[in-house]
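**Q** Quick one: the structure is below, questions incoming.
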Amino acid sequence: MVNGDDAPSRVLIIVQNLPVPFDRRVWLECRTLVQTGVEVAVVCPKAPGDPTFELREGVELYKYAPRTATGGAAGYAVEYLWSFAATLALALRAARRGRFDVVQACNPPDIFWPIALLLRRLHGTAFVFDHHDLCPELFDSRFPGGSPAVRRALVWLERRTLRSADQVCSTNDSYRAVALVRGRLDP
């Protein structure tokens, strides 16, 4: 796969909940892309002992020290703000090596669409949303009877992510239905 300049396409994959290559699904996607000639960079959290940057099997891995959520919903907010800031910094660092043709953001959380929109504005980067989980439903399961305002905010973030994406990959038909109904996407 090459872009219009006959240079290899570059893809940035953003993951927040697991380090890569420990996240096997994402790692298999990375390896498949590399095998087809695509240059792949990943921004993700570090596992203990991981380096901040690593080139593994042709995949550039940019990693940040994660913050673990403590103290309920507020702890998740702090964790996600930290991961957003760290991901933005590392995505811009990775972009210095060359523009990205595609950014693929995996959830949870549904917070990386502003980074995708920034890269779209700077470089015309397409945005693929890899819909791994339903964040509002995760909130409901972790915080039964939790704040309706937090749940509404999570639905809003999910909708912004879905509507900002050029393409959405859903892991199953029920997630696809959520993308179509709650995200108001055209099939």
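We label chains A, B, ... in the order they appear in the structure tokens, count residues from 1 in each chain, and number ligands from 1 in the order shown.
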For Gly98 in chain A, list every protein, DNA or RNA residue within 10 Å, evaluated using only C-alpha atoms, and leave out those in the same chain fewer than 6 positions away; present the list as a ChimeraX atom specification.
**A** /A:9-10,123
**Q** Please produce an output containing all heavy atoms for each residue in the selection, written as a JSON list (two decimals), in the first residue's frame.
**A**
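Output saved as part-v9.json:
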[["chain", "number", "residue", "atom", "x", "y", "z"],
["A", 9, "SER", "N", 2.60, 4.02, 2.81],
["A", 9, "SER", "CA", 1.61, 4.66, 3.67],
["A", 9, "SER", "C", 2.07, 4.54, 5.11],
["A", 9, "SER", "O", 2.74, 3.59, 5.49],
["A", 9, "SER", "CB", 0.26, 3.97, 3.51],
["A", 9, "SER", "OG", -0.26, 4.20, 2.23],
["A", 10, "ARG", "N", 1.69, 5.54, 5.91],
["A", 10, "ARG", "CA", 2.00, 5.52, 7.34],
["A", 10, "ARG", "C", 0.69, 5.52, 8.12],
["A", 10, "ARG", "O", -0.22, 6.27, 7.80],
["A", 10, "ARG", "CB", 2.83, 6.74, 7.74],
["A", 10, "ARG", "CG", 4.29, 6.58, 7.39],
["A", 10, "ARG", "CD", 5.15, 7.76, 7.82],
["A", 10, "ARG", "NE", 4.94, 8.30, 9.13],
["A", 10, "ARG", "CZ", 5.61, 7.95, 10.23],
["A", 10, "ARG", "NH1", 6.54, 7.04, 10.17],
["A", 10, "ARG", "NH2", 5.37, 8.54, 11.38],
["A", 123, "HIS", "N", -2.39, 17.41, 8.18],
["A", 123, "HIS", "CA", -1.84, 16.57, 7.12],
["A", 123, "HIS", "C", -2.86, 15.88, 6.24],
["A", 123, "HIS", "O", -2.48, 15.07, 5.40],
["A", 123, "HIS", "CB", -0.95, 15.47, 7.75],
["A", 123, "HIS", "CG", 0.13, 15.97, 8.62],
["A", 123, "HIS", "ND1", 1.22, 16.67, 8.16],
["A", 123, "HIS", "CD2", 0.30, 15.89, 9.96],
["A", 123, "HIS", "CE1", 2.01, 16.99, 9.17],
["A", 123, "HIS", "NE2", 1.48, 16.54, 10.27]]
**Q** Extract, using only C-alpha atoms, all DNA, RNA and protein residues at most 9 Å from Leu162 in chain A, discarding same-chain residues fewer than 5 positions from it, and format them as an MDAnalysis selection string.
**A** chainID A and resid 110 113 129 131 157 167:168 179 183:185
**Q** Write out as a list in words which residues come within 8 Å of range 40-42 of chain A when counting only C-alpha atoms, dropping same-chain ones fewer than 2 positions away.
**A**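 The residues satisfying every condition are Arg10, Val11, Leu12, Ile13, Ile14, Val15, Val20, Cys30, Leu33, Val34, Val38, Cys44, Gly58, Val59, Glu60, Leu61, Tyr62 and Ala94 of chain A.
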**Q** For the residues in that selection, give me all heavy atoms as a compact mmCIF listing (two decimals), in the first residue's frame.
**A**
# COMPACT_ATOMS: atom_id res chain seq x y z
N ARG A 10 1.69 5.54 5.91
CA ARG A 10 2.00 5.52 7.34
C ARG A 10 0.69 5.52 8.12
O ARG A 10 -0.22 6.27 7.80
CB ARG A 10 2.83 6.74 7.74
CG ARG A 10 4.29 6.58 7.39
CD ARG A 10 5.15 7.76 7.82
NE ARG A 10 4.94 8.30 9.13
CZ ARG A 10 5.61 7.95 10.23
NH1 ARG A 10 6.54 7.04 10.17
NH2 ARG A 10 5.37 8.54 11.38
N VAL A 11 0.65 4.65 9.13
CA VAL A 11 -0.52 4.53 9.98
C VAL A 11 -0.09 4.73 11.42
O VAL A 11 0.91 4.16 11.86
CB VAL A 11 -1.19 3.14 9.81
CG1 VAL A 11 -2.32 2.95 10.82
CG2 VAL A 11 -1.71 2.97 8.39
N LEU A 12 -0.86 5.52 12.15
CA LEU A 12 -0.67 5.70 13.58
C LEU A 12 -1.82 5.01 14.29
O LEU A 12 -2.99 5.27 13.98
CB LEU A 12 -0.67 7.19 13.95
CG LEU A 12 -0.67 7.50 15.45
CD1 LEU A 12 0.62 7.03 16.11
CD2 LEU A 12 -0.89 8.99 15.68
N ILE A 13 -1.50 4.12 15.21
CA ILE A 13 -2.52 3.43 16.00
C ILE A 13 -2.39 3.90 17.45
O ILE A 13 -1.29 3.89 18.02
CB ILE A 13 -2.37 1.90 15.90
CG1 ILE A 13 -2.54 1.46 14.44
CG2 ILE A 13 -3.38 1.20 16.82
CD1 ILE A 13 -2.33 -0.03 14.21
N ILE A 14 -3.52 4.32 18.02
CA ILE A 14 -3.56 4.81 19.40
C ILE A 14 -4.32 3.80 20.25
O ILE A 14 -5.44 3.42 19.92
CB ILE A 14 -4.26 6.19 19.47
CG1 ILE A 14 -3.47 7.23 18.67
CG2 ILE A 14 -4.46 6.61 20.92
CD1 ILE A 14 -4.21 8.56 18.52
N VAL A 15 -3.66 3.39 21.34
CA VAL A 15 -4.26 2.44 22.29
C VAL A 15 -4.03 2.99 23.69
O VAL A 15 -2.93 3.45 24.00
CB VAL A 15 -3.57 1.05 22.18
CG1 VAL A 15 -4.22 0.06 23.13
CG2 VAL A 15 -3.61 0.53 20.76
N VAL A 20 1.24 -2.37 23.83
CA VAL A 20 1.45 -3.17 22.63
C VAL A 20 2.91 -3.61 22.67
O VAL A 20 3.77 -2.80 22.99
CB VAL A 20 1.14 -2.33 21.37
CG1 VAL A 20 1.47 -3.08 20.10
CG2 VAL A 20 -0.33 -1.89 21.38
N CYS A 30 -1.01 -4.59 13.55
CA CYS A 30 0.26 -3.93 13.22
C CYS A 30 1.12 -4.81 12.31
O CYS A 30 1.64 -4.34 11.28
CB CYS A 30 1.05 -3.61 14.49
SG CYS A 30 0.33 -2.38 15.56
N LEU A 33 -0.27 -5.04 8.79
CA LEU A 33 -0.01 -3.81 8.02
C LEU A 33 1.44 -3.75 7.56
O LEU A 33 1.72 -3.42 6.40
CB LEU A 33 -0.37 -2.58 8.86
CG LEU A 33 -1.86 -2.32 9.06
CD1 LEU A 33 -2.07 -1.27 10.14
CD2 LEU A 33 -2.51 -1.89 7.75
N VAL A 34 2.38 -4.07 8.45
CA VAL A 34 3.80 -4.04 8.09
C VAL A 34 4.08 -5.03 6.97
O VAL A 34 4.82 -4.74 6.03
CB VAL A 34 4.68 -4.33 9.33
CG1 VAL A 34 6.13 -4.61 8.94
CG2 VAL A 34 4.62 -3.15 10.31
N VAL A 38 3.11 -1.21 4.82
CA VAL A 38 2.69 0.01 5.52
C VAL A 38 3.64 0.27 6.68
O VAL A 38 4.05 -0.65 7.37
CB VAL A 38 1.24 -0.13 6.04
CG1 VAL A 38 0.83 1.07 6.87
CG2 VAL A 38 0.28 -0.34 4.87
N CYS A 44 1.00 4.04 22.98
CA CYS A 44 0.30 3.23 23.98
C CYS A 44 0.99 3.40 25.33
O CYS A 44 2.09 3.94 25.41
CB CYS A 44 0.28 1.76 23.57
SG CYS A 44 1.91 0.99 23.51
N GLY A 58 9.50 -3.98 12.87
CA GLY A 58 9.13 -2.94 11.92
C GLY A 58 8.08 -1.96 12.42
O GLY A 58 7.68 -1.05 11.69
N VAL A 59 7.62 -2.11 13.65
CA VAL A 59 6.60 -1.24 14.22
C VAL A 59 7.26 -0.28 15.21
O VAL A 59 7.97 -0.71 16.11
CB VAL A 59 5.49 -2.05 14.94
CG1 VAL A 59 4.46 -1.14 15.58
CG2 VAL A 59 4.84 -3.03 13.98
N GLU A 60 7.04 1.02 15.02
CA GLU A 60 7.53 2.03 15.95
C GLU A 60 6.58 2.07 17.15
O GLU A 60 5.39 2.32 16.98
CB GLU A 60 7.53 3.42 15.30
CG GLU A 60 8.40 3.55 14.07
CD GLU A 60 8.13 4.86 13.34
OE1 GLU A 60 7.73 5.85 13.99
OE2 GLU A 60 8.30 4.88 12.12
N LEU A 61 7.10 1.83 18.34
CA LEU A 61 6.28 1.85 19.55
C LEU A 61 6.70 3.04 20.41
O LEU A 61 7.83 3.10 20.90
CB LEU A 61 6.45 0.55 20.33
CG LEU A 61 6.03 -0.73 19.60
CD1 LEU A 61 6.46 -1.96 20.39
CD2 LEU A 61 4.54 -0.73 19.36
N TYR A 62 5.79 3.99 20.57
CA TYR A 62 5.99 5.17 21.41
C TYR A 62 5.15 4.95 22.66
O TYR A 62 3.93 4.82 22.59
CB TYR A 62 5.52 6.44 20.70
CG TYR A 62 6.29 6.74 19.44
CD1 TYR A 62 5.96 6.15 18.23
CD2 TYR A 62 7.35 7.64 19.48
CE1 TYR A 62 6.67 6.44 17.07
CE2 TYR A 62 8.07 7.94 18.32
CZ TYR A 62 7.72 7.33 17.13
OH TYR A 62 8.42 7.62 15.99
N ALA A 94 5.83 11.32 16.84
CA ALA A 94 5.87 10.31 15.77
C ALA A 94 5.63 10.95 14.40
O ALA A 94 6.23 10.53 13.40
CB ALA A 94 4.83 9.22 16.04
**Q** Record the distance separating CA of Tyr64 in chain A and CA of Asp23 in chain A, expressed in Å with one decimal.
**A**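 Going from CA of Tyr64 in chain A over to CA of Asp23 in chain A, I get 15.3 Å.
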**Q** I'd like the contact shell of Ala65 in chain A - 8 Å cut-off, only C-alpha atoms, skipping same-chain residues fewer than 4 positions apart - returned as a PyMOL selection string.
**A** chain A and resi 45-47
**Q** Let me make sure I understand: among A:Tyr76, A:Pro66, A:Asp130, A:Val103, which one has the smallest atom-to-atom distance to Asn172 in chain A if we use only C-alpha atoms?
**A** A:Asp130
**Q** Measure the distance from CA of Asp101 in chain A to CA of Thr125 in chain A in Å and round it to one decimal.
**A**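 One can read the CA of Asp101 in chain A to CA of Thr125 in chain A distance as 4.8 Å.
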**Q** Could you list, as a PyMOL selection string, every residue within 10 Å of Ile115 in chain A, counting only C-alpha atoms and ignoring same-chain residues fewer than 6 positions away?
**A** chain A and resi 14+84-85+87-89+91-92+103+105+121+127
**Q** Residues of the last selection are to be written out with all heavy atoms, as a CSV table (one decimal), in the first residue's frame.
**A**
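Writing done, so here's part-v2.csv:
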chain,number,residue,atom,x,y,z
A,14,ILE,N,-3.5,4.3,18.0
A,14,ILE,CA,-3.6,4.8,19.4
A,14,ILE,C,-4.3,3.8,20.3
A,14,ILE,O,-5.4,3.4,19.9
A,14,ILE,CB,-4.3,6.2,19.5
A,14,ILE,CG1,-3.5,7.2,18.7
A,14,ILE,CG2,-4.5,6.6,20.9
A,14,ILE,CD1,-4.2,8.6,18.5
A,84,PHE,N,-4.5,11.3,27.5
A,84,PHE,CA,-4.7,12.1,26.3
A,84,PHE,C,-3.5,13.0,26.1
A,84,PHE,O,-3.0,13.1,24.9
A,84,PHE,CB,-6.0,13.0,26.5
A,84,PHE,CG,-6.2,13.9,25.3
A,84,PHE,CD1,-7.0,13.4,24.2
A,84,PHE,CD2,-5.7,15.2,25.3
A,84,PHE,CE1,-7.2,14.2,23.1
A,84,PHE,CE2,-6.0,16.0,24.2
A,84,PHE,CZ,-6.7,15.5,23.1
A,85,ALA,N,-3.0,13.7,27.1
A,85,ALA,CA,-1.9,14.6,27.0
A,85,ALA,C,-0.6,13.8,26.5
A,85,ALA,O,0.1,14.3,25.6
A,85,ALA,CB,-1.6,15.3,28.3
A,87,THR,N,-0.5,11.0,24.9
A,87,THR,CA,-0.8,10.5,23.6
A,87,THR,C,-0.6,11.6,22.6
A,87,THR,O,0.0,11.4,21.5
A,87,THR,CB,-2.1,9.8,23.5
A,87,THR,OG1,-2.2,8.7,24.3
A,87,THR,CG2,-2.4,9.4,22.0
A,88,LEU,N,-1.1,12.7,22.8
A,88,LEU,CA,-1.0,13.9,21.9
A,88,LEU,C,0.5,14.2,21.7
A,88,LEU,O,1.0,14.3,20.6
A,88,LEU,CB,-1.7,15.1,22.5
A,88,LEU,CG,-1.5,16.4,21.7
A,88,LEU,CD1,-2.0,16.2,20.2
A,88,LEU,CD2,-2.2,17.6,22.4
A,89,ALA,N,1.3,14.3,22.8
A,89,ALA,CA,2.7,14.6,22.7
A,89,ALA,C,3.4,13.5,21.9
A,89,ALA,O,4.2,13.9,21.0
A,89,ALA,CB,3.3,14.7,24.1
A,91,ALA,N,2.1,11.4,19.7
A,91,ALA,CA,1.6,11.4,18.3
A,91,ALA,C,2.3,12.4,17.5
A,91,ALA,O,2.7,12.2,16.3
A,91,ALA,CB,0.1,11.5,18.3
A,92,LEU,N,2.5,13.6,18.1
A,92,LEU,CA,3.2,14.7,17.4
A,92,LEU,C,4.6,14.4,17.2
A,92,LEU,O,5.2,14.7,16.1
A,92,LEU,CB,2.9,16.0,18.1
A,92,LEU,CG,1.5,16.6,18.1
A,92,LEU,CD1,1.4,17.8,19.0
A,92,LEU,CD2,1.0,16.8,16.7
A,103,VAL,N,-4.9,7.6,11.0
A,103,VAL,CA,-4.8,7.4,12.4
A,103,VAL,C,-6.0,6.5,12.8
A,103,VAL,O,-7.1,6.7,12.4
A,103,VAL,CB,-4.8,8.7,13.3
A,103,VAL,CG1,-6.1,9.5,13.1
A,103,VAL,CG2,-4.6,8.4,14.7
A,105,ALA,N,-7.8,5.0,16.1
A,105,ALA,CA,-7.9,5.1,17.6
A,105,ALA,C,-8.7,3.9,18.1
A,105,ALA,O,-9.8,3.7,17.6
A,105,ALA,CB,-8.5,6.4,18.0
A,121,ARG,N,-6.4,18.0,10.1
A,121,ARG,CA,-6.2,19.4,9.7
A,121,ARG,C,-4.8,19.7,9.3
A,121,ARG,O,-4.5,20.5,8.3
A,121,ARG,CB,-6.6,20.3,10.9
A,121,ARG,CG,-6.5,21.8,10.6
A,121,ARG,CD,-6.9,22.6,11.8
A,121,ARG,NE,-6.8,24.0,11.5
A,121,ARG,CZ,-7.8,24.8,11.1
A,121,ARG,NH1,-9.0,24.3,10.9
A,121,ARG,NH2,-7.6,26.1,10.9
A,127,PHE,N,-9.3,9.2,9.6
A,127,PHE,CA,-9.5,8.7,10.9
A,127,PHE,C,-10.3,7.5,10.9
A,127,PHE,O,-11.4,7.5,10.4
A,127,PHE,CB,-10.2,9.8,11.8
A,127,PHE,CG,-10.5,9.4,13.2
A,127,PHE,CD1,-9.8,8.4,13.9
A,127,PHE,CD2,-11.6,9.9,13.8
A,127,PHE,CE1,-10.2,8.1,15.2
A,127,PHE,CE2,-12.0,9.6,15.1
A,127,PHE,CZ,-11.3,8.6,15.8
**Q** Tell me which of A:Glu158, A:Asp133, A:Phe139, A:Pro108 sits closest to Thr171 in chain A, counting only C-alpha atoms.
**A**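 Counting only C-alpha atoms, the residue closest to Thr171 in chain A is A:Asp133.
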**Q** Find the residues around Ala149 in chain A up to 12 Å (only C-alpha atoms counted), leave out those fewer than 5 positions away in its own chain, and share them as a count of residues only.
**A** 6
**Q** Report, in Å with one decimal, the straight-line distance from CA of His132 in chain A to CA of Asn107 in chain A.
**A**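 Separation between CA of His132 in chain A and CA of Asn107 in chain A: 5.6 Å.
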**Q** Chain A: which residues are strand (DSSP E) by DSSP, as an NGL selection string?
**A** :A and (10-14 or 39-45 or 53-56 or 59-64 or 102-106 or 126-131 or 167-170)
